[in-house]
file entry_28.cif (mmCIF, C-alpha atoms)
data_input
loop_
_atom_site.label_atom_id
_atom_site.label_comp_id
_atom_site.auth_asym_id
_atom_site.auth_seq_id
_atom_site.Cartn_x
_atom_site.Cartn_y
_atom_site.Cartn_z
CA MET B 654 -161.09 54.32 -32.24
CA THR B 655 -160.14 51.30 -34.32
CA THR B 656 -162.71 50.31 -36.95
CA HIS B 657 -163.27 46.87 -38.38
CA GLU B 658 -161.71 48.13 -41.60
CA ASP B 659 -158.56 49.17 -39.73
CA ALA B 660 -158.38 45.81 -38.01
CA THR B 661 -158.18 43.99 -41.33
CA ARG B 662 -155.37 46.08 -42.76
CA PHE B 663 -151.89 44.62 -42.61
CA CYS B 664 -148.44 46.18 -42.50
CA ALA B 665 -146.74 45.71 -45.89
CA HIS B 666 -143.26 46.99 -44.93
CA LEU B 667 -140.54 44.44 -45.72
CA VAL B 668 -138.51 43.21 -42.76
CA ASP B 669 -135.70 40.84 -43.73
CA GLY B 670 -137.30 40.43 -47.14
CA ARG B 671 -140.88 39.74 -46.05
CA PRO B 672 -143.85 41.89 -45.01
CA CYS B 673 -144.09 42.78 -41.34
CA ASP B 674 -147.74 41.58 -41.52
CA ASN B 675 -148.96 42.98 -38.19
CA MET B 676 -152.58 44.11 -38.15
CA ALA B 677 -153.29 47.81 -37.96
CA ALA B 678 -155.32 47.26 -34.82
CA THR B 679 -152.25 46.03 -32.94
CA HIS B 680 -149.62 48.10 -34.73
CA ASP B 681 -150.00 51.42 -32.90
CA GLY B 682 -150.79 53.28 -36.09
CA GLY B 683 -147.82 52.02 -38.05
CA GLN B 684 -144.23 51.29 -37.05
CA LEU B 685 -141.65 53.63 -38.64
CA GLY B 686 -144.28 54.94 -41.05
CA HIS B 687 -144.86 51.55 -42.64
CA PRO B 688 -147.42 51.31 -45.47
CA PHE B 689 -150.54 49.20 -44.94
CA ARG B 690 -152.51 47.00 -47.30
CA ALA B 691 -156.00 45.55 -47.20
CA GLU B 692 -156.75 42.06 -45.94
CA LEU B 693 -155.41 39.33 -48.17
CA PRO B 694 -158.05 37.17 -49.90
CA ARG B 695 -158.66 33.91 -48.19
CA PRO B 696 -157.03 30.91 -49.86
CA GLY B 697 -159.02 28.18 -51.59
CA PRO B 698 -159.53 24.67 -50.30
CA VAL B 699 -156.62 23.43 -48.27
CA LEU B 700 -155.07 20.09 -49.00
CA GLY B 701 -152.77 18.33 -46.62
CA PRO B 702 -153.10 17.59 -42.91
CA PHE B 703 -156.48 19.38 -42.61
CA ALA B 704 -158.14 17.71 -45.61
CA GLY B 705 -160.85 15.14 -44.89
CA ASN B 706 -160.48 15.08 -41.12
CA GLY B 707 -163.09 17.66 -40.22
CA ALA B 708 -160.51 20.12 -38.86
CA HIS B 709 -160.30 23.67 -40.07
CA PRO B 710 -157.02 25.26 -41.20
CA PRO B 711 -155.77 28.07 -38.97
CA GLU B 712 -156.80 30.73 -41.50
CA GLU B 713 -160.45 29.68 -41.27
CA GLU B 714 -160.33 29.90 -37.48
CA GLY B 715 -159.57 33.62 -37.61
CA HIS B 716 -155.78 33.49 -37.38
CA ARG B 717 -154.11 36.28 -39.38
CA ARG B 718 -150.58 34.93 -39.35
CA SER B 719 -149.34 33.53 -42.65
CA LEU B 720 -146.17 32.56 -44.46
CA LEU B 721 -145.30 34.31 -47.70
CA PHE B 722 -142.93 32.63 -50.15
CA ARG B 723 -141.08 34.09 -53.09
CA PRO B 724 -138.31 32.55 -55.17
CA ALA B 725 -134.75 33.70 -54.78
CA SER B 726 -134.82 34.60 -58.48
CA ALA B 727 -137.25 37.41 -57.64
CA ILE B 728 -134.77 39.10 -55.29
CA LYS B 729 -132.81 41.91 -56.89
CA ILE B 730 -129.12 41.58 -56.11
CA LYS B 731 -127.34 44.78 -55.08
CA PRO B 732 -123.70 45.57 -54.32
CA VAL B 733 -122.70 46.94 -50.93
CA ARG B 734 -122.32 50.72 -50.95
CA TRP B 735 -119.68 52.17 -48.67
CA LEU B 736 -119.91 55.38 -46.67
CA TRP B 737 -116.16 55.21 -45.97
CA ASP B 738 -113.99 53.46 -48.53
CA THR B 739 -110.18 53.65 -48.44
CA THR B 740 -109.51 51.55 -51.55
CA PRO B 741 -106.15 52.66 -52.99
CA GLU B 742 -105.62 53.38 -56.65
CA GLY B 743 -105.10 50.20 -58.66
CA ALA B 744 -106.89 47.91 -56.19
CA PRO B 745 -110.24 46.23 -57.02
CA PRO B 746 -113.15 48.67 -56.59
CA THR B 747 -114.53 48.92 -53.03
CA SER B 748 -112.09 46.24 -51.84
CA HIS B 749 -111.16 48.46 -48.87
CA GLY B 750 -114.69 49.44 -47.83
CA ARG B 751 -114.84 50.14 -44.09
CA ILE B 752 -118.30 51.49 -43.14
CA PRO B 753 -121.26 50.18 -45.16
CA MET B 754 -124.12 52.59 -45.79
CA TYR B 755 -127.50 52.31 -44.03
CA SER B 756 -126.12 50.13 -41.26
CA LEU B 757 -124.96 50.35 -37.64
CA ALA B 758 -121.24 50.88 -37.09
CA ILE B 759 -119.57 51.05 -33.69
CA ALA B 760 -116.47 53.08 -32.81
CA ALA B 761 -115.09 51.80 -29.52
CA GLY B 762 -112.09 52.34 -27.30
CA GLY B 763 -110.94 53.30 -23.85
CA PRO B 764 -111.42 56.76 -22.28
CA GLY B 765 -109.49 59.70 -23.72
CA ILE B 766 -108.48 57.75 -26.82
CA GLY B 767 -110.02 60.02 -29.49
CA LYS B 768 -113.31 58.27 -30.38
CA SER B 769 -115.36 61.47 -30.23
CA GLN B 770 -112.76 63.39 -32.22
CA TYR B 771 -112.92 60.66 -34.86
CA ALA B 772 -116.70 61.02 -35.03
CA VAL B 773 -116.30 64.77 -35.55
CA TRP B 774 -113.72 64.07 -38.27
CA MET B 775 -116.32 61.89 -40.03
CA VAL B 776 -118.96 64.61 -39.66
CA ALA B 777 -116.65 67.24 -41.14
CA ARG B 778 -115.90 65.15 -44.20
CA ILE B 779 -119.49 64.11 -44.85
CA THR B 780 -120.77 67.69 -44.58
CA THR B 781 -118.07 68.92 -46.97
CA GLY B 782 -118.21 65.98 -49.39
CA THR B 783 -114.59 65.00 -48.71
CA LEU B 784 -115.01 61.51 -47.23
CA SER B 785 -113.64 58.88 -49.58
CA GLY B 786 -116.52 56.61 -50.51
CA GLU B 787 -120.03 56.79 -51.94
CA LEU B 788 -120.59 60.42 -50.88
CA TRP B 789 -117.33 61.88 -52.23
CA GLY B 790 -118.21 65.27 -53.72
CA LYS B 791 -121.78 65.08 -52.33
CA PRO B 792 -122.08 67.07 -49.06
CA ARG B 793 -124.85 65.74 -46.83
CA GLY B 794 -126.34 66.50 -43.44
CA VAL B 795 -125.46 64.81 -40.14
CA ILE B 796 -127.38 64.47 -36.87
CA TYR B 797 -125.00 64.63 -33.90
CA ALA B 798 -126.47 63.41 -30.61
CA ALA B 799 -124.02 63.87 -27.73
CA ALA B 800 -125.07 62.87 -24.21
CA GLU B 801 -121.82 63.58 -22.35
CA ASP B 802 -120.27 66.70 -23.90
CA SER B 803 -121.43 70.32 -24.03
CA TRP B 804 -122.42 71.58 -27.45
CA ALA B 805 -121.38 75.15 -26.72
CA MET B 806 -118.02 74.37 -25.14
CA THR B 807 -116.96 71.11 -26.80
CA ILE B 808 -118.96 69.79 -29.76
CA ALA B 809 -119.39 73.02 -31.76
CA PRO B 810 -115.74 74.15 -31.30
CA ARG B 811 -114.53 70.68 -32.31
CA LEU B 812 -116.67 70.82 -35.44
CA ILE B 813 -115.18 74.19 -36.35
CA ALA B 814 -111.66 72.88 -35.69
CA ALA B 815 -112.31 69.90 -37.97
CA GLY B 816 -113.63 72.13 -40.79
CA ALA B 817 -117.25 70.94 -40.76
CA ASN B 818 -120.01 72.75 -42.65
CA MET B 819 -121.91 73.95 -39.57
CA ASP B 820 -125.12 74.50 -41.57
CA LEU B 821 -125.33 70.76 -42.27
CA VAL B 822 -124.76 69.52 -38.71
CA TRP B 823 -127.96 69.09 -36.72
CA HIS B 824 -128.31 69.24 -32.95
CA VAL B 825 -131.41 67.27 -31.91
CA SER B 826 -133.61 67.89 -28.87
CA VAL B 827 -137.06 66.66 -27.86
CA ARG B 828 -140.17 68.73 -27.24
CA ASP B 829 -142.82 66.96 -25.21
CA ASP B 830 -145.80 68.78 -23.71
CA GLU B 831 -145.98 66.20 -20.92
CA GLN B 832 -142.26 66.13 -20.03
CA ALA B 833 -140.41 69.34 -19.30
CA TYR B 834 -136.97 67.74 -19.67
CA ALA B 835 -137.61 65.11 -22.34
CA ARG B 836 -134.55 63.67 -24.08
CA LEU B 837 -133.99 61.57 -27.17
CA THR B 838 -134.86 57.97 -26.24
CA LEU B 839 -134.70 54.64 -28.04
CA PRO B 840 -136.90 52.99 -29.12
CA LEU B 841 -139.54 55.62 -28.26
CA ASP B 842 -138.28 58.26 -30.72
CA THR B 843 -137.08 55.90 -33.45
CA SER B 844 -139.95 56.58 -35.84
CA LEU B 845 -139.66 60.36 -35.49
CA LEU B 846 -135.88 60.19 -35.81
CA GLY B 847 -136.09 58.24 -39.06
CA GLN B 848 -138.67 60.57 -40.58
CA GLU B 849 -136.67 63.71 -39.71
CA ALA B 850 -133.44 62.15 -40.96
CA GLU B 851 -135.04 61.63 -44.37
CA ARG B 852 -136.62 65.10 -44.37
CA TYR B 853 -133.24 66.78 -43.77
CA SER B 854 -131.36 64.44 -46.17
CA VAL B 855 -129.19 63.14 -43.35
CA ALA B 856 -126.44 60.67 -44.28
CA LEU B 857 -125.10 59.95 -40.78
CA LEU B 858 -126.48 59.76 -37.26
CA VAL B 859 -123.82 59.97 -34.54
CA MET B 860 -124.86 58.78 -31.08
CA ASP B 861 -122.20 59.48 -28.44
CA PRO B 862 -122.37 57.18 -26.54
CA LEU B 863 -124.99 54.91 -28.08
CA LEU B 864 -126.09 53.15 -24.89
CA SER B 865 -126.92 56.49 -23.22
CA TYR B 866 -129.91 56.90 -25.55
CA ILE B 867 -131.58 53.60 -24.69
CA ASP B 868 -134.66 53.90 -22.48
CA LYS B 869 -133.78 53.87 -18.78
CA GLY B 870 -136.29 51.08 -18.22
CA ILE B 871 -134.15 48.75 -20.35
CA ASN B 872 -131.39 46.83 -18.64
CA ASP B 873 -128.32 47.43 -20.80
CA TYR B 874 -126.70 44.32 -19.34
CA ARG B 875 -129.38 42.18 -20.94
CA ALA B 876 -128.56 41.67 -24.60
CA ALA B 877 -132.13 40.77 -25.59
CA GLU B 878 -133.52 44.02 -24.19
CA VAL B 879 -130.83 46.14 -25.84
CA ARG B 880 -131.45 44.42 -29.17
CA GLN B 881 -135.16 45.16 -28.94
CA ALA B 882 -134.32 48.83 -28.47
CA LEU B 883 -131.79 49.00 -31.32
CA GLU B 884 -133.33 46.76 -33.97
CA PRO B 885 -136.01 49.35 -34.90
CA LEU B 886 -133.26 51.97 -35.29
CA VAL B 887 -131.30 49.71 -37.64
CA ALA B 888 -134.50 49.12 -39.65
CA ALA B 889 -135.12 52.89 -39.75
CA ALA B 890 -131.59 53.51 -41.04
CA ASP B 891 -132.21 51.13 -43.93
CA ARG B 892 -135.66 52.55 -44.69
CA HIS B 893 -134.71 56.25 -44.48
CA HIS B 894 -131.20 55.85 -45.95
CA PHE B 895 -128.82 56.98 -43.25
CA THR B 896 -125.91 55.32 -41.45
CA ILE B 897 -125.53 55.08 -37.67
CA LEU B 898 -122.17 55.62 -35.98
CA GLY B 899 -122.54 54.64 -32.35
CA LEU B 900 -119.71 55.36 -29.92
CA ALA B 901 -119.01 52.86 -27.15
CA HIS B 902 -116.56 52.36 -24.32
CA PHE B 903 -114.31 49.40 -23.69
CA THR B 904 -114.76 47.65 -20.36
CA LYS B 905 -111.70 47.32 -18.15
CA ALA B 906 -112.04 43.56 -17.89
CA GLY B 907 -111.77 41.19 -20.81
CA GLY B 908 -109.29 39.72 -23.20
CA ALA B 909 -107.68 40.93 -26.39
CA ASP B 910 -110.82 40.66 -28.53
CA PRO B 911 -112.09 44.24 -29.07
CA LEU B 912 -115.67 43.12 -29.73
CA SER B 913 -115.89 41.30 -26.40
CA ARG B 914 -114.64 44.39 -24.57
CA ILE B 915 -117.47 46.67 -25.70
CA ALA B 916 -119.99 47.56 -23.01
CA GLY B 917 -123.21 45.84 -24.09
CA SER B 918 -121.32 43.71 -26.61
CA GLY B 919 -123.76 40.81 -26.28
CA ALA B 920 -126.38 42.92 -28.03
CA PHE B 921 -124.05 44.43 -30.61
CA GLY B 922 -122.62 41.15 -31.86
CA GLN B 923 -125.17 40.50 -34.61
CA LEU B 924 -126.51 44.03 -35.10
CA ILE B 925 -123.38 45.89 -36.07
CA ARG B 926 -121.88 45.55 -39.52
CA CYS B 927 -118.47 46.95 -38.62
CA LEU B 928 -116.40 47.75 -35.55
CA ILE B 929 -113.72 50.42 -35.61
CA ALA B 930 -111.52 50.05 -32.55
CA PHE B 931 -109.11 52.56 -31.03
CA ALA B 932 -106.12 52.02 -28.76
CA LYS B 933 -102.98 53.71 -27.51
CA GLU B 934 -99.72 51.83 -27.80
CA GLU B 935 -97.32 52.87 -25.08
CA GLY B 936 -93.63 53.10 -25.90
CA GLU B 937 -90.80 52.23 -23.58
CA ASP B 938 -90.94 54.28 -20.35
CA GLY B 939 -94.03 56.05 -21.72
CA ALA B 940 -92.10 57.57 -24.63
CA ASP B 941 -92.91 57.22 -28.32
CA SER B 942 -96.54 56.27 -27.65
CA ARG B 943 -98.90 56.29 -30.60
CA PHE B 944 -102.61 55.93 -31.35
CA VAL B 945 -103.83 53.06 -33.53
CA MET B 946 -107.20 52.56 -35.24
CA SER B 947 -108.27 49.19 -36.72
CA LEU B 948 -111.25 47.72 -38.49
CA GLU B 949 -111.92 44.75 -36.20
CA LYS B 950 -115.23 43.60 -37.68
CA ASN B 951 -116.47 43.94 -41.25
CA ASN B 952 -119.47 41.73 -42.02
CA LEU B 953 -120.04 43.07 -45.53
CA GLY B 954 -116.46 43.52 -46.69
CA ARG B 955 -112.90 42.37 -46.28
CA LEU B 956 -111.20 41.82 -42.95
CA GLY B 957 -107.48 42.25 -42.55
CA LEU B 958 -107.45 45.77 -43.98
CA PRO B 959 -104.52 47.93 -42.89
CA SER B 960 -104.78 49.76 -39.60
CA TYR B 961 -104.04 53.46 -39.30
CA GLU B 962 -102.03 55.56 -36.94
CA TYR B 963 -103.62 58.84 -35.89
CA VAL B 964 -102.86 61.81 -33.70
CA ILE B 965 -105.04 64.02 -31.52
CA GLN B 966 -103.94 67.55 -32.30
CA PRO B 967 -104.62 70.54 -29.99
CA VAL B 968 -106.50 73.41 -31.66
CA THR B 969 -107.50 76.87 -30.45
CA VAL B 970 -110.87 78.10 -31.72
CA PRO B 971 -111.63 81.82 -31.26
CA THR B 972 -115.02 82.78 -29.81
CA GLU B 973 -116.68 86.08 -28.92
CA GLU B 974 -115.87 85.43 -25.26
CA GLY B 975 -112.28 84.29 -25.71
CA PRO B 976 -110.39 81.25 -27.03
CA SER B 977 -111.75 77.72 -26.82
CA TYR B 978 -109.12 75.00 -26.48
CA VAL B 979 -110.18 71.76 -28.14
CA SER B 980 -108.59 68.95 -30.15
CA ARG B 981 -109.06 67.29 -33.51
CA PHE B 982 -108.45 63.90 -35.06
CA VAL B 983 -105.78 63.68 -37.77
CA LEU B 984 -105.58 60.45 -39.76
CA GLY B 985 -102.02 59.22 -40.24
CA ASP B 986 -100.28 56.51 -42.22
CA GLU B 987 -101.14 52.83 -42.49
CA THR B 988 -99.53 50.56 -39.91
CA THR B 989 -99.12 46.83 -39.47
CA THR B 990 -99.96 47.08 -35.76
CA SER B 991 -103.60 46.38 -34.95
CA VAL B 992 -105.68 47.34 -31.94
CA ARG B 993 -106.04 43.63 -31.16
CA GLU B 994 -102.25 43.34 -30.91
CA VAL B 995 -102.03 46.39 -28.66
CA MET B 996 -104.70 44.95 -26.37
CA ARG B 997 -102.96 41.59 -26.36
CA ASP B 998 -99.71 43.22 -25.27
CA GLU B 999 -101.54 45.13 -22.53
CA ALA B 1000 -102.88 41.82 -21.20
CA VAL B 1001 -99.38 40.31 -20.97
CA PRO B 1002 -98.09 40.12 -17.35
CA THR B 1003 -95.30 42.51 -16.42
CA GLY B 1004 -92.69 39.77 -16.35
CA ASP B 1005 -93.63 38.64 -19.86
CA ARG B 1006 -93.47 42.22 -21.12
CA ALA B 1007 -89.91 42.46 -19.86
CA GLU B 1008 -89.08 39.30 -21.81
CA SER B 1009 -90.79 40.78 -24.89
CA ASP B 1010 -88.65 43.92 -24.63
CA GLU B 1011 -85.57 41.72 -24.27
CA ILE B 1012 -86.40 39.80 -27.47
CA ARG B 1013 -87.05 43.00 -29.36
CA MET B 1014 -83.70 44.46 -28.32
CA TRP B 1015 -81.96 41.20 -29.24
CA LEU B 1016 -83.57 41.11 -32.69
CA ARG B 1017 -82.61 44.71 -33.46
CA ASP B 1018 -79.00 44.15 -32.35
CA TYR B 1019 -78.87 40.85 -34.25
CA LEU B 1020 -79.88 42.49 -37.53
CA THR B 1021 -77.69 45.52 -36.94
CA ASP B 1022 -74.62 43.31 -36.47
CA LEU B 1023 -75.39 41.63 -39.82
CA GLY B 1024 -75.67 44.88 -41.70
CA GLY B 1025 -79.40 45.41 -41.25
CA SER B 1026 -80.88 42.16 -42.60
CA ALA B 1027 -80.88 38.39 -42.23
CA GLU B 1028 -82.63 35.37 -43.66
CA ASN B 1029 -85.79 34.43 -41.78
CA SER B 1030 -84.71 30.83 -41.14
CA ASP B 1031 -81.35 31.96 -39.69
CA VAL B 1032 -83.12 34.38 -37.34
CA MET B 1033 -85.39 31.62 -36.06
CA LYS B 1034 -82.53 29.12 -35.57
CA ASP B 1035 -80.50 31.58 -33.51
CA ALA B 1036 -83.57 32.70 -31.56
CA GLN B 1037 -84.36 29.09 -30.70
CA LYS B 1038 -80.85 28.59 -29.32
CA LEU B 1039 -81.59 31.39 -26.85
CA GLY B 1040 -84.95 29.88 -25.89
CA TYR B 1041 -87.12 32.46 -27.69
CA SER B 1042 -90.38 31.13 -29.16
CA ARG B 1043 -91.40 31.74 -32.76
CA SER B 1044 -94.47 33.71 -31.72
CA SER B 1045 -92.46 36.02 -29.46
CA VAL B 1046 -89.96 36.66 -32.28
CA TYR B 1047 -92.77 37.47 -34.69
CA ARG B 1048 -94.26 39.89 -32.16
CA ALA B 1049 -90.87 41.56 -31.85
CA LYS B 1050 -90.69 41.73 -35.65
CA THR B 1051 -94.02 43.56 -35.74
CA LYS B 1052 -92.96 45.97 -33.00
CA LEU B 1053 -89.77 46.80 -34.88
CA ARG B 1054 -91.73 47.18 -38.14
CA LEU B 1055 -89.29 44.98 -39.99
CA VAL B 1056 -89.65 44.72 -43.76
CA THR B 1057 -89.93 41.27 -45.37
CA ARG B 1058 -88.54 40.61 -48.83
CA PRO B 1059 -89.25 37.25 -50.52
CA ARG B 1060 -86.39 35.59 -52.38
CA GLY B 1061 -86.34 32.60 -54.73
CA PHE B 1062 -89.11 30.38 -56.09
CA GLY B 1063 -90.80 27.09 -55.35
CA LYS B 1064 -89.25 24.89 -52.68
CA GLY B 1065 -86.20 27.14 -52.53
CA LYS B 1066 -88.26 30.23 -51.71
CA THR B 1067 -87.19 32.06 -48.58
CA SER B 1068 -87.37 35.59 -47.18
CA ASP B 1069 -85.11 38.19 -45.62
CA TRP B 1070 -85.94 40.48 -42.72
CA TYR B 1071 -84.72 44.07 -42.92
CA LEU B 1072 -84.61 46.88 -40.44
CA PRO B 1073 -86.78 49.68 -41.89
CA GLU B 1074 -83.81 51.94 -42.49
CA ALA B 1075 -81.87 49.16 -44.27
CA ALA B 1076 -84.64 47.85 -46.55
CA PRO B 1077 -84.12 48.25 -50.31
CA SER B 1078 -86.71 50.34 -52.13
CA ASP B 1079 -89.76 48.76 -53.72
CA HIS B 1080 -88.54 49.99 -57.09
CA ASP B 1081 -85.38 47.93 -56.74
CA GLU B 1082 -86.71 44.81 -55.04
CA GLY B 1083 -90.42 44.51 -55.78
CA SER B 1084 -93.25 44.56 -53.28
CA SER B 1085 -92.74 44.56 -49.54
CA ASP B 1086 -94.56 42.90 -46.69
CA THR B 1087 -94.18 44.20 -43.17
CA ARG B 1088 -96.46 41.68 -41.53
#
call {"tool": "encode", "arguments": {"input": "entry_28.cif", "output": "structure tokens"}}
result
Amino acid sequence: MTTHEDATRFCAHLVDGRPCDNMAATHDGGQLGHPFRAELPRPGPVLGPFAGNGAHPPEEEGHRRSLLFRPASAIKIKPVRWLWDTTPEGAPPTSHGRIPMYSLAIAAGGPGIGKSQYAVWMVARITTGTLSGELWGKPRGVIYAAAEDSWAMTIAPRLIAAGANMDLVWHVSVRDDEQAYARLTLPLDTSLLGQEAERYSVALLVMDPLLSYIDKGINDYRAAEVRQALEPLVAAADRHHFTILGLAHFTKAGGADPLSRIAGSGAFGQLIRCLIAFAKEEGEDGADSRFVMSLEKNNLGRLGLPSYEYVIQPVTVPTEEGPSYVSRFVLGDETTTSVREVMRDEAVPTGDRAESDEIRMWLRDYLTDLGGSAENSDVMKDAQKLGYSRSSVYRAKTKLRLVTRPRGFGKGKTSDWYLPEAAPSDHDEGSSDTR
């Protein structure tokens, strides 16, 4: 039963820098364990539009809503802390941060592309303290919520194959006296999830796939409804100090923008702080295909960071009942090819792809005939004579992974394009650019 004293207590938890300010009587006992404070003292005489006209200000009429102001000088400035940071030696600190802590990150791609194996790779490194970033050398716990894969036959063997500390990976289930088959549901279980994450010192919550955990009564095609389900989880991550890695699928329809291809992307647009996208680049006749992973959104850090190649490696894990055949994610080298470029090539009509292959073959032969390199301007002049556009030549350059070497200074500055096998070493010629 709500008492008068309860009714005049207000939520003091900060949301976007200001108190939530809902009354206890209408706050269902406290959202996410928020602290409460007593009723604020009523202000003195009000000057302004209510003065001298006989009207009463809203506060005197029983309204509890108020605006609270504080100067920007009172806000403590903090740097972004990165869960995953690939900054190379010699570069500015945290300049290659990829997943910010205490935020929502999305890993998205098509089916069978390795998203789940990547999530397991992250789990293994966090639980062993080997993920480059804020938690390097500090093993922490992880909650792994998987709606589509079996723990016994898939998740646990994958964790073993990736080298995870199994004592720090938490499977989560729901016990409800009124529901025999209750399952983790957002936003219903958000408060409990946040409290348990803090109790077990969890650094990462994996939800695979994220949309599967949203209440069935919420239409996941309506961005506003999805946001209402996820916003409390994002607030809980910040309050209880854990990061969310949500896995998502690409839709079949759409353009070359990875963010627009995510199922439920209308809701994710403003909520997520980073998007890690996955794609498979097919080689000619299906040969020489490769997997590519790119950071396609990074609200709190730099965009344009290098992409990575990766492989999905088969692994056999022994069990008491026989071998379990699973796979693991292996991070490869940096690449200049992005997921966006792979998706753009996939969207090109078949006839245009044939033309693209033709230009690529021409460019390779052209450079080979000249000893492996040529000046950029000469390449473009000769390509134009054949009717090839600049953009198509640059795409062919990227596909061939040509190396660019600048030459000269000022107005006379130019560049040479080299086949990878013909490029001089960095030691001899300075820095390279393969863009």
call {"tool": "closest_residue", "arguments": {"input": "entry_28.cif", "among": "B:Phe895, B:Tyr834, B:Trp804, B:Tyr874", "to": "B:Leu736", "atoms": "all atoms listed in the file"}}
result
B:Phe895
call {"tool": "closest_residue", "arguments": {"input": "entry_28.cif", "among": "B:Val995, B:Ile813, B:Ala798, B:Ala890", "to": "B:Ser865", "atoms": "all atoms listed in the file"}}
result
B:Ala798
call {"tool": "residues_around", "arguments": {"input": "entry_28.cif", "residues": "stretch 746-755 of chain B", "least_positions_apart": "2", "cutoff": "8 Å", "atoms": "only C-alpha atoms", "output": "list in words"}}
result
Val733, Arg734, Trp735, Leu736, Trp737, Asp738, Thr739, Thr740, Pro741, Ala744, Leu757, Ala758, Gly786, Val887, Ala890, Asp891, His894, Phe895, Thr896, Ile897, Arg926, Cys927, Leu948, Asn951, Leu953, Gly954, Arg955 and Leu958 of chain B
call {"tool": "write_last_selection", "arguments": {"input": "entry_28.cif", "atoms": "C-alpha atoms", "output": "tab-separated table (two decimals), in the coordinates of the input"}}
result
chain	number	residue	atom	x	y	z
B	733	VAL	CA	-122.70	46.94	-50.93
B	734	ARG	CA	-122.32	50.72	-50.95
B	735	TRP	CA	-119.68	52.17	-48.67
B	736	LEU	CA	-119.91	55.38	-46.67
B	737	TRP	CA	-116.16	55.21	-45.97
B	738	ASP	CA	-113.99	53.46	-48.53
B	739	THR	CA	-110.18	53.65	-48.44
B	740	THR	CA	-109.51	51.55	-51.55
B	741	PRO	CA	-106.15	52.66	-52.99
B	744	ALA	CA	-106.89	47.91	-56.19
B	757	LEU	CA	-124.96	50.35	-37.64
B	758	ALA	CA	-121.24	50.88	-37.09
B	786	GLY	CA	-116.52	56.61	-50.51
B	887	VAL	CA	-131.30	49.71	-37.64
B	890	ALA	CA	-131.59	53.51	-41.04
B	891	ASP	CA	-132.21	51.13	-43.93
B	894	HIS	CA	-131.20	55.85	-45.95
B	895	PHE	CA	-128.82	56.98	-43.25
B	896	THR	CA	-125.91	55.32	-41.45
B	897	ILE	CA	-125.53	55.08	-37.67
B	926	ARG	CA	-121.88	45.55	-39.52
B	927	CYS	CA	-118.47	46.95	-38.62
B	948	LEU	CA	-111.25	47.72	-38.49
B	951	ASN	CA	-116.47	43.94	-41.25
B	953	LEU	CA	-120.04	43.07	-45.53
B	954	GLY	CA	-116.46	43.52	-46.69
B	955	ARG	CA	-112.90	42.37	-46.28
B	958	LEU	CA	-107.45	45.77	-43.98
call {"tool": "closest_residue", "arguments": {"input": "entry_28.cif", "among": "B:Asp830, B:Glu884, B:Asp842, B:Glu801", "to": "B:Pro862", "atoms": "only C-alpha atoms"}}
result
B:Glu801
call {"tool": "residues_around", "arguments": {"input": "entry_28.cif", "residues": "B:Leu858", "least_positions_apart": "3", "cutoff": "12 Å", "atoms": "all atoms listed in the file", "output": "number ranges by chain"}}
result
B: 754-759, 772-773, 775-776, 779, 793-799, 822-825, 843, 846-847, 849-851, 853-855, 861-863, 886-887, 889-890, 893-900
